[in-house]
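Participant: Below is the file protein15.pdb, which contains PDB, C-alpha atoms.
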```pdb
ATOM      1  CA  MET A  11    -197.583 -26.202   4.365
ATOM      2  CA  LYS A  12    -197.962 -26.002   8.125
ATOM      3  CA  GLU A  13    -197.060 -29.004  10.234
ATOM      4  CA  THR A  14    -199.840 -30.464  12.331
ATOM      5  CA  MET A  15    -199.066 -30.278  16.034
ATOM      6  CA  LYS A  16    -199.417 -33.623  17.772
ATOM      7  CA  LEU A  17    -200.591 -33.689  21.365
ATOM      8  CA  PRO A  18    -199.207 -36.261  23.804
ATOM      9  CA  ALA A  19    -201.578 -39.129  24.603
ATOM     10  CA  ASP A  20    -201.953 -37.999  28.232
ATOM     11  CA  GLU A  21    -203.159 -34.560  27.134
ATOM     12  CA  ILE A  22    -205.671 -36.057  24.707
ATOM     13  CA  ILE A  23    -206.996 -38.384  27.409
ATOM     14  CA  GLN A  24    -207.260 -35.484  29.850
ATOM     15  CA  MET A  25    -209.116 -33.329  27.312
ATOM     16  CA  TYR A  26    -211.475 -36.186  26.450
ATOM     17  CA  GLU A  27    -212.242 -37.022  30.074
ATOM     18  CA  THR A  28    -212.718 -33.355  30.995
ATOM     19  CA  MET A  29    -215.135 -32.915  28.104
ATOM     20  CA  LEU A  30    -217.140 -36.002  29.100
ATOM     21  CA  HIS A  31    -217.210 -34.965  32.747
ATOM     22  CA  ASP A  32    -218.412 -31.462  31.872
ATOM     23  CA  LEU A  33    -221.107 -32.865  29.593
ATOM     24  CA  SER A  34    -222.202 -35.337  32.250
ATOM     25  CA  TYR A  35    -222.309 -32.593  34.880
ATOM     26  CA  ASP A  36    -224.368 -30.307  32.645
ATOM     27  CA  LEU A  37    -226.876 -33.062  31.890
ATOM     28  CA  HIS A  38    -227.197 -34.285  35.472
ATOM     29  CA  GLU A  39    -226.925 -31.067  37.447
ATOM     30  CA  ARG A  40    -227.498 -28.031  35.253
ATOM     31  CA  TYR A  41    -230.111 -28.832  32.619
ATOM     32  CA  SER A  42    -232.040 -31.369  34.664
ATOM     33  CA  HIS A  43    -232.276 -28.825  37.510
ATOM     34  CA  LEU A  44    -233.545 -26.177  35.101
ATOM     35  CA  LEU A  45    -236.188 -28.581  33.837
ATOM     36  CA  THR A  46    -237.077 -29.550  37.404
ATOM     37  CA  GLY A  47    -237.632 -25.870  38.155
ATOM     38  CA  LEU A  48    -239.891 -25.640  35.122
ATOM     39  CA  LEU A  49    -241.773 -28.722  36.335
ATOM     40  CA  HIS A  50    -242.389 -27.101  39.749
ATOM     41  CA  GLN A  51    -243.580 -23.935  38.053
ATOM     42  CA  MET A  52    -246.010 -25.948  35.931
ATOM     43  CA  ASP A  53    -247.348 -27.626  39.074
ATOM     44  CA  GLN A  54    -247.946 -24.250  40.723
ATOM     45  CA  GLU A  55    -249.675 -22.873  37.645
ATOM     46  CA  GLY A  56    -251.830 -25.960  37.159
ATOM     47  CA  GLY A  57    -250.111 -27.127  33.982
ATOM     48  CA  SER A  58    -251.019 -30.190  31.948
ATOM     49  CA  SER A  59    -250.358 -33.514  33.674
ATOM     50  CA  LYS A  60    -249.266 -35.006  30.337
ATOM     51  CA  SER A  61    -246.686 -32.260  29.863
ATOM     52  CA  ALA A  62    -245.470 -32.739  33.426
ATOM     53  CA  LEU A  63    -245.108 -36.489  32.852
ATOM     54  CA  LEU A  64    -243.165 -35.901  29.637
ATOM     55  CA  LEU A  65    -240.903 -33.424  31.395
ATOM     56  CA  THR A  66    -240.270 -35.934  34.193
ATOM     57  CA  HIS A  67    -239.255 -38.564  31.626
ATOM     58  CA  ILE A  68    -236.881 -36.086  29.969
ATOM     59  CA  ILE A  69    -235.237 -35.269  33.314
ATOM     60  CA  ASP A  70    -234.836 -38.959  34.192
ATOM     61  CA  ASP A  71    -233.416 -39.732  30.758
ATOM     62  CA  MET A  72    -230.896 -36.889  30.961
ATOM     63  CA  ARG A  73    -229.661 -38.117  34.336
ATOM     64  CA  SER A  74    -229.438 -41.667  32.995
ATOM     65  CA  LYS A  75    -227.363 -40.502  30.028
ATOM     66  CA  SER A  76    -225.105 -38.641  32.434
ATOM     67  CA  ASN A  77    -224.567 -41.777  34.524
ATOM     68  CA  GLU A  78    -223.959 -43.878  31.411
ATOM     69  CA  SER A  79    -221.286 -41.599  29.950
ATOM     70  CA  THR A  80    -219.374 -40.472  33.046
ATOM     71  CA  PRO A  81    -220.967 -40.949  36.483
ATOM     72  CA  LEU A  82    -220.214 -37.907  38.633
ATOM     73  CA  SER A  83    -219.279 -40.327  41.417
ATOM     74  CA  LEU A  84    -216.144 -41.279  39.428
ATOM     75  CA  ALA A  85    -214.383 -38.005  40.241
ATOM     76  CA  LYS A  86    -215.848 -37.727  43.733
ATOM     77  CA  ARG A  87    -215.640 -41.287  45.075
ATOM     78  CA  GLY A  88    -213.621 -43.415  42.658
ATOM     79  CA  VAL A  89    -214.115 -46.229  40.186
ATOM     80  CA  VAL A  90    -216.012 -48.725  42.373
ATOM     81  CA  PRO A  91    -219.051 -46.493  43.096
ATOM     82  CA  ALA A  92    -218.977 -45.282  39.478
ATOM     83  CA  ILE A  93    -219.120 -48.835  38.096
ATOM     84  CA  ARG A  94    -221.944 -49.725  40.482
ATOM     85  CA  GLN A  95    -223.861 -46.654  39.340
ATOM     86  CA  PHE A  96    -223.181 -47.492  35.697
ATOM     87  CA  GLY A  97    -224.320 -51.072  36.370
ATOM     88  CA  LYS A  98    -227.678 -49.806  37.641
ATOM     89  CA  GLU A  99    -228.159 -47.890  34.400
ATOM     90  CA  ILE A 100    -227.323 -51.021  32.377
ATOM     91  CA  GLU A 101    -229.856 -53.047  34.356
ATOM     92  CA  HIS A 102    -232.504 -50.354  33.913
ATOM     93  CA  ARG A 103    -231.858 -49.987  30.185
ATOM     94  CA  PHE A 104    -231.069 -53.549  29.081
ATOM     95  CA  GLY A 105    -232.292 -55.764  31.928
ATOM     96  CA  VAL A 106    -228.771 -57.119  32.483
ATOM     97  CA  THR A 107    -227.672 -57.361  36.115
ATOM     98  CA  VAL A 108    -224.115 -56.185  36.791
ATOM     99  CA  SER A 109    -222.553 -57.377  40.059
ATOM    100  CA  LEU A 110    -219.222 -55.941  41.153
ATOM    101  CA  LEU A 111    -217.034 -57.823  43.618
ATOM    102  CA  THR A 112    -213.809 -56.235  44.775
ATOM    103  CA  GLU A 113    -211.382 -56.563  47.630
ATOM    104  CA  ARG A 114    -209.937 -53.108  47.068
ATOM    105  CA  GLU A 115    -211.442 -49.675  46.615
ATOM    106  CA  SER A 116    -208.635 -48.567  44.305
ATOM    107  CA  LEU A 117    -206.516 -50.559  41.858
ATOM    108  CA  SER A 118    -203.104 -49.429  40.710
ATOM    109  CA  ILE A 119    -204.425 -48.111  37.383
ATOM    110  CA  ASP A 120    -205.545 -44.604  36.520
ATOM    111  CA  GLN A 121    -209.165 -44.602  37.716
ATOM    112  CA  ARG A 122    -210.577 -42.911  34.608
ATOM    113  CA  ILE A 123    -208.933 -45.406  32.264
ATOM    114  CA  LEU A 124    -209.957 -48.340  34.458
ATOM    115  CA  PHE A 125    -213.546 -47.089  34.386
ATOM    116  CA  ARG A 126    -213.477 -46.857  30.569
ATOM    117  CA  LEU A 127    -212.030 -50.365  30.310
ATOM    118  CA  ILE A 128    -214.799 -51.835  32.478
ATOM    119  CA  GLN A 129    -217.530 -49.645  30.962
ATOM    120  CA  GLN A 130    -216.710 -50.564  27.366
ATOM    121  CA  THR A 131    -216.290 -54.256  28.196
ATOM    122  CA  ILE A 132    -219.715 -54.345  29.868
ATOM    123  CA  LEU A 133    -221.279 -52.705  26.810
ATOM    124  CA  MET A 134    -219.550 -55.134  24.458
ATOM    125  CA  ILE A 135    -220.782 -58.130  26.482
ATOM    126  CA  VAL A 136    -224.325 -56.738  26.634
ATOM    127  CA  GLU A 137    -224.380 -56.139  22.877
ATOM    128  CA  ASN A 138    -222.866 -59.465  21.797
ATOM    129  CA  ALA A 139    -223.336 -62.161  24.442
ATOM    130  CA  ASP A 140    -227.129 -62.370  24.962
ATOM    131  CA  THR A 141    -226.659 -62.664  28.701
ATOM    132  CA  ASP A 142    -228.783 -61.461  31.595
ATOM    133  CA  ALA A 143    -226.062 -61.143  34.239
ATOM    134  CA  ILE A 144    -222.414 -60.100  34.424
ATOM    135  CA  ASP A 145    -220.237 -60.698  37.481
ATOM    136  CA  ILE A 146    -217.106 -58.564  37.751
ATOM    137  CA  HIS A 147    -214.290 -59.414  40.135
ATOM    138  CA  MET A 148    -211.563 -56.801  40.634
ATOM    139  CA  GLU A 149    -208.231 -57.713  42.168
ATOM    140  CA  GLU A 150    -204.874 -55.983  42.477
ATOM    141  CA  ASP A 151    -203.632 -56.978  39.027
ATOM    142  CA  SER A 152    -206.710 -58.234  37.190
ATOM    143  CA  VAL A 153    -210.356 -57.673  36.330
ATOM    144  CA  THR A 154    -212.512 -60.723  35.524
ATOM    145  CA  PHE A 155    -215.896 -60.640  33.787
ATOM    146  CA  ARG A 156    -217.976 -63.809  34.196
ATOM    147  CA  PHE A 157    -221.230 -64.406  32.326
ATOM    148  CA  LEU A 158    -223.372 -67.052  30.656
ATOM    149  CA  SER A 159    -223.919 -67.001  26.907
ATOM    150  CA  PRO A 160    -225.490 -69.414  24.417
ATOM    151  CA  HIS A 161    -222.961 -68.390  21.760
ATOM    152  CA  GLU A 162    -219.951 -70.477  20.832
ATOM    153  CA  GLN A 163    -218.083 -67.376  19.714
ATOM    154  CA  ILE A 164    -218.345 -63.732  20.752
ATOM    155  CA  ASP A 165    -216.882 -60.851  18.784
ATOM    156  CA  VAL A 166    -214.208 -58.928  20.647
ATOM    157  CA  ASP A 167    -213.119 -55.400  19.810
ATOM    158  CA  GLU A 168    -209.524 -56.280  18.911
ATOM    159  CA  LYS A 169    -208.538 -53.128  17.040
ATOM    160  CA  GLY A 170    -210.733 -50.432  18.517
ATOM    161  CA  PHE A 171    -211.102 -48.509  21.733
ATOM    162  CA  LEU A 172    -210.520 -51.447  24.082
ATOM    163  CA  CYS A 173    -207.274 -52.289  22.322
ATOM    164  CA  LEU A 174    -206.041 -48.739  22.900
ATOM    165  CA  ILE A 175    -206.971 -48.936  26.576
ATOM    166  CA  GLN A 176    -205.184 -52.269  26.937
ATOM    167  CA  LYS A 177    -202.030 -50.765  25.451
ATOM    168  CA  ARG A 178    -202.328 -47.740  27.710
ATOM    169  CA  THR A 179    -202.718 -49.799  30.881
ATOM    170  CA  GLY A 180    -200.387 -52.641  29.981
ATOM    171  CA  MET A 181    -203.257 -55.114  30.344
ATOM    172  CA  GLU A 182    -203.924 -58.193  28.229
ATOM    173  CA  LEU A 183    -207.268 -59.885  27.656
ATOM    174  CA  LYS A 184    -207.573 -63.647  28.091
ATOM    175  CA  ILE A 185    -210.859 -65.313  27.122
ATOM    176  CA  GLU A 186    -211.961 -68.685  28.474
ATOM    177  CA  GLN A 187    -215.169 -70.676  28.050
ATOM    178  CA  ARG A 188    -216.256 -73.487  30.363
ATOM    179  CA  SER A 189    -219.698 -75.158  30.264
ATOM    180  CA  GLY A 190    -221.429 -72.121  28.829
ATOM    181  CA  HIS A 191    -219.692 -69.761  31.231
ATOM    182  CA  TRP A 192    -217.441 -67.143  29.709
ATOM    183  CA  PHE A 193    -214.517 -65.569  31.527
ATOM    184  CA  TRP A 194    -212.968 -62.408  30.127
ATOM    185  CA  ILE A 195    -209.884 -61.677  32.187
ATOM    186  CA  TYR A 196    -207.808 -58.532  31.920
ATOM    187  CA  PHE A 197    -204.489 -59.049  33.623
ATOM    188  CA  LYS A 198    -201.392 -56.964  34.099
ATOM    189  CA  LYS A 199    -198.567 -57.789  31.719
ATOM    190  CA  ARG A 200    -195.156 -58.119  33.263
ATOM    191  CA  GLY A 201    -192.654 -55.436  32.402
ATOM    192  CA  ASN A 202    -195.260 -52.670  31.978
ATOM    193  CA  LYS A 203    -195.130 -51.065  35.393
ATOM    194  CA  ASP A 204    -194.503 -47.642  33.870
ATOM    195  CA  ASP A 205    -197.995 -47.658  32.370
ATOM    196  CA  PHE A 206    -199.645 -48.009  35.763
ATOM    197  CA  HIS A 207    -200.625 -45.148  37.997
ATOM    198  CA  CYS A 208    -201.803 -45.019  41.575
ATOM    199  CA  ASP A 209    -204.448 -42.388  42.326
ATOM    200  CA  ARG A 210    -203.657 -42.041  45.984
TER     201      ARG A 210
END
```
Go ahead and render the structure in this file as structure tokens.

Facilitator:
Amino acid sequence: MKETMKLPADEIIQMYETMLHDLSYDLHERYSHLLTGLLHQMDQEGGSSKSALLLTHIIDDMRSKSNESTPLSLAKRGVVPAIRQFGKEIEHRFGVTVSLLTERESLSIDQRILFRLIQQTILMIVENADTDAIDIHMEEDSVTFRFLSPHEQIDVDEKGFLCLIQKRTGMELKIEQRSGHWFWIYFKKRGNKDDFHCDR
């Protein structure tokens, strides 16, 4: 019986991120441009306005899906513009305002992993907290999510994807609740400097 080859975690992450980036690029740039070309051709040939409207919705939806999965700005401009772009999609789709406050353009964590940490946390809050606004404050060694929720308890993904990201980055999650305000704080654990990367 053949032994199964195990890939290092870094290679798996790289493959996963490359796949998501390529998919996002195809949706946003390739297929949406092809459909836009078709839309222009329909306009020139006097096509149905209903078909043109449907095609416009498809193009917009494809670009939204691209921005939700992996904003192209992540590779080009870094995590801060990517989170702001993702936040706009969340507001458009769910009506939840995402405000990002940061004193630095780049934290000392791999930018792709930091984006996934923030992205998945936003989605978890949106799905479980019944809130209409999330404030995110990024500092050198921490990321804080602040939001209002009527719930006394909110389910946290303790064993899933977020847990893996926390292990990878050496971050811990601390949850506090004060007068209806929730604070989810990811902070850097001491003694885990080897897990941190600087994308400079």

Participant: Taking the file above as input, evaluate the PyMOL selection byres ((chain A and resi 128-132) around 10) and report the hits as a PDB file with C-alpha atoms, keeping the file's coordinate frame.

Facilitator:
```pdb
ATOM      1  CA  GLU A  78    -223.959 -43.878  31.411  1.00  0.00           C
ATOM      2  CA  SER A  79    -221.286 -41.599  29.950  1.00  0.00           C
ATOM      3  CA  THR A  80    -219.374 -40.472  33.046  1.00  0.00           C
ATOM      4  CA  VAL A  89    -214.115 -46.229  40.186  1.00  0.00           C
ATOM      5  CA  ALA A  92    -218.977 -45.282  39.478  1.00  0.00           C
ATOM      6  CA  ILE A  93    -219.120 -48.835  38.096  1.00  0.00           C
ATOM      7  CA  PHE A  96    -223.181 -47.492  35.697  1.00  0.00           C
ATOM      8  CA  GLY A  97    -224.320 -51.072  36.370  1.00  0.00           C
ATOM      9  CA  ILE A 100    -227.323 -51.021  32.377  1.00  0.00           C
ATOM     10  CA  VAL A 106    -228.771 -57.119  32.483  1.00  0.00           C
ATOM     11  CA  VAL A 108    -224.115 -56.185  36.791  1.00  0.00           C
ATOM     12  CA  ILE A 123    -208.933 -45.406  32.264  1.00  0.00           C
ATOM     13  CA  LEU A 124    -209.957 -48.340  34.458  1.00  0.00           C
ATOM     14  CA  PHE A 125    -213.546 -47.089  34.386  1.00  0.00           C
ATOM     15  CA  ARG A 126    -213.477 -46.857  30.569  1.00  0.00           C
ATOM     16  CA  LEU A 127    -212.030 -50.365  30.310  1.00  0.00           C
ATOM     17  CA  LEU A 133    -221.279 -52.705  26.810  1.00  0.00           C
ATOM     18  CA  MET A 134    -219.550 -55.134  24.458  1.00  0.00           C
ATOM     19  CA  ILE A 135    -220.782 -58.130  26.482  1.00  0.00           C
ATOM     20  CA  VAL A 136    -224.325 -56.738  26.634  1.00  0.00           C
ATOM     21  CA  GLU A 137    -224.380 -56.139  22.877  1.00  0.00           C
ATOM     22  CA  ILE A 144    -222.414 -60.100  34.424  1.00  0.00           C
ATOM     23  CA  ASP A 145    -220.237 -60.698  37.481  1.00  0.00           C
ATOM     24  CA  ILE A 146    -217.106 -58.564  37.751  1.00  0.00           C
ATOM     25  CA  VAL A 153    -210.356 -57.673  36.330  1.00  0.00           C
ATOM     26  CA  THR A 154    -212.512 -60.723  35.524  1.00  0.00           C
ATOM     27  CA  PHE A 155    -215.896 -60.640  33.787  1.00  0.00           C
ATOM     28  CA  VAL A 166    -214.208 -58.928  20.647  1.00  0.00           C
ATOM     29  CA  ASP A 167    -213.119 -55.400  19.810  1.00  0.00           C
ATOM     30  CA  PHE A 171    -211.102 -48.509  21.733  1.00  0.00           C
ATOM     31  CA  LEU A 172    -210.520 -51.447  24.082  1.00  0.00           C
ATOM     32  CA  ILE A 175    -206.971 -48.936  26.576  1.00  0.00           C
ATOM     33  CA  TRP A 194    -212.968 -62.408  30.127  1.00  0.00           C
ATOM     34  CA  TYR A 196    -207.808 -58.532  31.920  1.00  0.00           C
TER      35      TYR A 196
END
```

Participant: Would you mind reading off the distance between CA of Gln187 in chain A and CA of Ala139 in chain A, one decimal, in Å?

Facilitator: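 Taking CA of Gln187 in chain A as the start and CA of Ala139 in chain A as the end point, the length is 12.3 Å.
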
Participant: Could you jot down the CA of Ile68 in chain A to CA of Gly105 in chain A separation for me, Å, one decimal place?

Facilitator: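 Computed distance, CA of Ile68 in chain A to CA of Gly105 in chain A, equals 20.3 Å.
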
Participant: If you measure from CA of His161 in chain A to CA of Ser109 in chain A, what distance in Å do you get, rounded to one decimal?

Facilitator: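 Between these atoms lies a distance of 21.4 Å.
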
Participant: Between A:Thr112, A:Glu162, A:Ser74, A:Ile185, single out the one closest to Gln95 in chain A, counting all atoms listed in the file.

Facilitator: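 Checking each of A:Thr112, A:Glu162, A:Ser74, A:Ile185 against Gln95 in chain A, counting all atoms listed in the file, the winner is A:Ser74.
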
Participant: I need the residue set behind the PyMOL selection byres ((chain A and resi 197) around 10) for this file; please write it as number ranges by chain.

Facilitator: A: 149-154, 176, 179-184, 194-196, 198-200

Participant: Restricting the calculation to only C-alpha atoms, which member of A:Pro91, A:Leu65, A:Leu174, A:Leu82 is positioned closest to Met52 in chain A?

Facilitator: A:Leu65

Participant: Identify which of the residues A:Arg156, A:His147, A:Arg122, A:Arg73 lies closest to Arg87 in chain A, counting all atoms listed in the file when measuring atom-to-atom distances.

Facilitator: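 Looking at the shortest contact to Arg87 in chain A, the residue is A:Arg122.
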
Participant: Which residue out of A:Leu45, A:Leu158, A:Ala143, A:Leu64 has the minimum interatomic distance to Lys98 in chain A when only C-alpha atoms are used?

Facilitator: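 Closest to Lys98 in chain A of all the choices is A:Ala143.
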